[in-house]
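Engineer: Got a structure for you, input39.cif, holding mmCIF, C-alpha atoms; chains and numbers go by the auth columns.
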```cif
data_target
loop_
_atom_site.group_PDB
_atom_site.id
_atom_site.type_symbol
_atom_site.label_atom_id
_atom_site.label_comp_id
_atom_site.label_asym_id
_atom_site.label_seq_id
_atom_site.Cartn_x
_atom_site.Cartn_y
_atom_site.Cartn_z
_atom_site.B_iso_or_equiv
_atom_site.auth_seq_id
_atom_site.auth_asym_id
ATOM 1 C CA MET A 1 -31.327 99.176 -64.730 0.00 290 A
ATOM 2 C CA TYR A 2 -30.258 95.947 -66.403 0.00 291 A
ATOM 3 C CA ASN A 3 -29.797 95.456 -70.141 0.00 292 A
ATOM 4 C CA VAL A 4 -29.988 91.949 -71.608 0.00 293 A
ATOM 5 C CA TYR A 5 -28.123 91.141 -74.821 0.00 294 A
ATOM 6 C CA THR A 6 -27.630 88.042 -76.933 0.00 295 A
ATOM 7 C CA GLU A 7 -24.491 87.443 -78.930 0.00 296 A
ATOM 8 C CA GLN A 8 -23.531 84.781 -81.433 0.00 297 A
ATOM 9 C CA LYS A 9 -20.242 83.171 -80.454 0.00 298 A
ATOM 10 C CA GLY A 10 -17.400 83.884 -82.832 0.00 299 A
ATOM 11 C CA VAL A 11 -19.300 86.503 -84.871 0.00 300 A
ATOM 12 C CA ASP A 12 -18.272 90.154 -84.665 0.00 301 A
ATOM 13 C CA PHE A 13 -20.986 92.802 -84.220 0.00 302 A
ATOM 14 C CA SER A 14 -23.720 90.293 -83.386 0.00 303 A
ATOM 15 C CA LYS A 15 -24.620 91.792 -79.990 0.00 304 A
ATOM 16 C CA THR A 16 -28.389 92.411 -79.930 0.00 305 A
ATOM 17 C CA LEU A 17 -30.410 94.129 -77.203 0.00 306 A
ATOM 18 C CA VAL A 18 -33.208 91.861 -75.968 0.00 307 A
ATOM 19 C CA GLY A 19 -34.660 94.006 -73.201 0.00 308 A
ATOM 20 C CA GLU A 20 -34.247 96.473 -70.337 0.00 309 A
ATOM 21 C CA PHE A 21 -35.332 95.575 -66.813 0.00 310 A
ATOM 22 C CA GLU A 22 -35.431 97.174 -63.368 0.00 311 A
ATOM 23 C CA ASP A 23 -35.315 93.809 -61.559 0.00 312 A
ATOM 24 C CA PHE A 24 -32.262 91.542 -61.776 0.00 313 A
ATOM 25 C CA GLU A 25 -34.299 88.320 -61.508 0.00 314 A
ATOM 26 C CA GLU A 26 -36.527 89.355 -64.427 0.00 315 A
ATOM 27 C CA ALA A 27 -33.422 90.193 -66.457 0.00 316 A
ATOM 28 C CA MET A 28 -31.908 86.776 -65.762 0.00 317 A
ATOM 29 C CA ASP A 29 -35.158 84.965 -66.656 0.00 318 A
ATOM 30 C CA CYS A 30 -35.289 86.828 -69.964 0.00 319 A
ATOM 31 C CA ALA A 31 -31.600 86.163 -70.640 0.00 320 A
ATOM 32 C CA GLU A 32 -31.919 82.427 -70.108 0.00 321 A
ATOM 33 C CA LYS A 33 -35.074 82.185 -72.224 0.00 322 A
ATOM 34 C CA SER A 34 -33.508 84.248 -75.028 0.00 323 A
ATOM 35 C CA ILE A 35 -30.850 81.594 -75.763 0.00 324 A
ATOM 36 C CA GLU A 36 -32.887 78.522 -74.860 0.00 325 A
ATOM 37 C CA GLY A 37 -32.514 75.955 -77.642 0.00 326 A
ATOM 38 C CA LYS A 38 -30.087 78.101 -79.656 0.00 327 A
ATOM 39 C CA ASP A 39 -26.645 76.596 -80.088 0.00 328 A
ATOM 40 C CA GLY A 40 -23.796 79.049 -80.553 0.00 329 A
ATOM 41 C CA PHE A 41 -25.465 81.930 -78.681 0.00 330 A
ATOM 42 C CA ARG A 42 -24.765 83.414 -75.281 0.00 331 A
ATOM 43 C CA TYR A 43 -26.376 86.084 -73.144 0.00 332 A
ATOM 44 C CA ILE A 44 -24.841 89.115 -71.474 0.00 333 A
ATOM 45 C CA VAL A 45 -26.508 91.062 -68.656 0.00 334 A
ATOM 46 C CA GLU A 46 -25.136 94.551 -68.016 0.00 335 A
ATOM 47 C CA SER A 47 -25.923 96.868 -65.123 0.00 336 A
ATOM 48 C CA THR A 48 -26.263 100.583 -65.847 0.00 337 A
ATOM 49 C CA SER A 49 -26.346 103.378 -63.304 0.00 338 A
ATOM 50 C CA GLY A 50 -27.395 106.140 -65.681 0.00 339 A
ATOM 51 C CA HIS A 51 -24.031 107.872 -65.398 0.00 340 A
ATOM 52 C CA PHE A 52 -21.863 108.817 -68.363 0.00 341 A
ATOM 53 C CA ASN A 53 -18.103 109.196 -68.780 0.00 342 A
ATOM 54 C CA SER A 54 -16.429 112.340 -70.093 0.00 343 A
ATOM 55 C CA TYR A 55 -16.909 111.116 -73.686 0.00 344 A
ATOM 56 C CA GLY A 56 -20.680 110.752 -73.274 0.00 345 A
ATOM 57 C CA ASP A 57 -20.645 106.940 -73.172 0.00 346 A
ATOM 58 C CA LEU A 58 -23.028 105.219 -70.760 0.00 347 A
ATOM 59 C CA LEU A 59 -21.130 103.466 -67.966 0.00 348 A
ATOM 60 C CA THR A 60 -22.014 99.757 -67.791 0.00 349 A
ATOM 61 C CA GLU A 61 -20.776 96.719 -65.920 0.00 350 A
ATOM 62 C CA VAL A 62 -21.263 93.077 -66.972 0.00 351 A
ATOM 63 C CA VAL A 63 -22.965 91.327 -64.043 0.00 352 A
ATOM 64 C CA ALA A 64 -23.738 87.968 -65.714 0.00 353 A
ATOM 65 C CA GLN A 65 -22.981 86.090 -68.909 0.00 354 A
ATOM 66 C CA SER A 66 -23.304 82.563 -70.148 0.00 355 A
ATOM 67 C CA ASP A 67 -20.380 80.477 -71.363 0.00 356 A
#
```
Mind converting the file's structure to structure tokens?
Structural biologist:
Amino acid sequence: MYNVYTEQKGVDFSKTLVGEFEDFEEAMDCAEKSIEGKDGFRYIVESTSGHFNSYGDLLTEVVAQSD
């Protein structure tokens, strides 16, 4: 599972979920379109395995992000 987020550069707590995808290519297409034409925004794509740590937090790994 891949989660796509957008985030405004330099602004705390601006991370917004855009979508959840099974396919990495679909996630990347959505990520690139989500910031198209928006200055000061970047995308983050995280991979999730469905596993949780001992605190109950979902384990994620950033697999792609824009500059």
Engineer: Tell me which protein, DNA and RNA residues are within 12 Å of Ser338 (chain A), counting all atoms listed in the file, leaving out same-chain ones fewer than 5 positions away, and put them as a ChimeraX atom specification.
Structural biologist: /A:290-292,311,346-350
Engineer: Given the PyMOL selection byres ((chain A and resi 333) around 8) and the file above, list the residues it selects as a list in words.
Structural biologist: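 When the PyMOL selection byres ((chain A and resi 333) around 8) is applied, the selected residues are Val293, Tyr294, Thr295, Glu296, Ala320, Arg331, Tyr332, Val334, Glu335, Val351, Val352, Ala353, Gln354 and Ser355 of chain A.
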Engineer: In Å, how far is it from CA of Val307 (chain A) to CA of Cys319 (chain A)?
Structural biologist: 8.1 Å
Engineer: Measuring between all atoms listed in the file, which one of A:Asp356, A:Phe302, A:Met317, A:Glu309 shows the shortest distance to Gly329 (chain A)?
Structural biologist: A:Asp356
Engineer: Report, in Å to a single decimal, how far apart CA of Phe330 (chain A) and CA of Phe313 (chain A) are.
Structural biologist: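 Spanning CA of Phe313 (chain A) to CA of Phe330 (chain A) is a straight-line distance of 20.6 Å.
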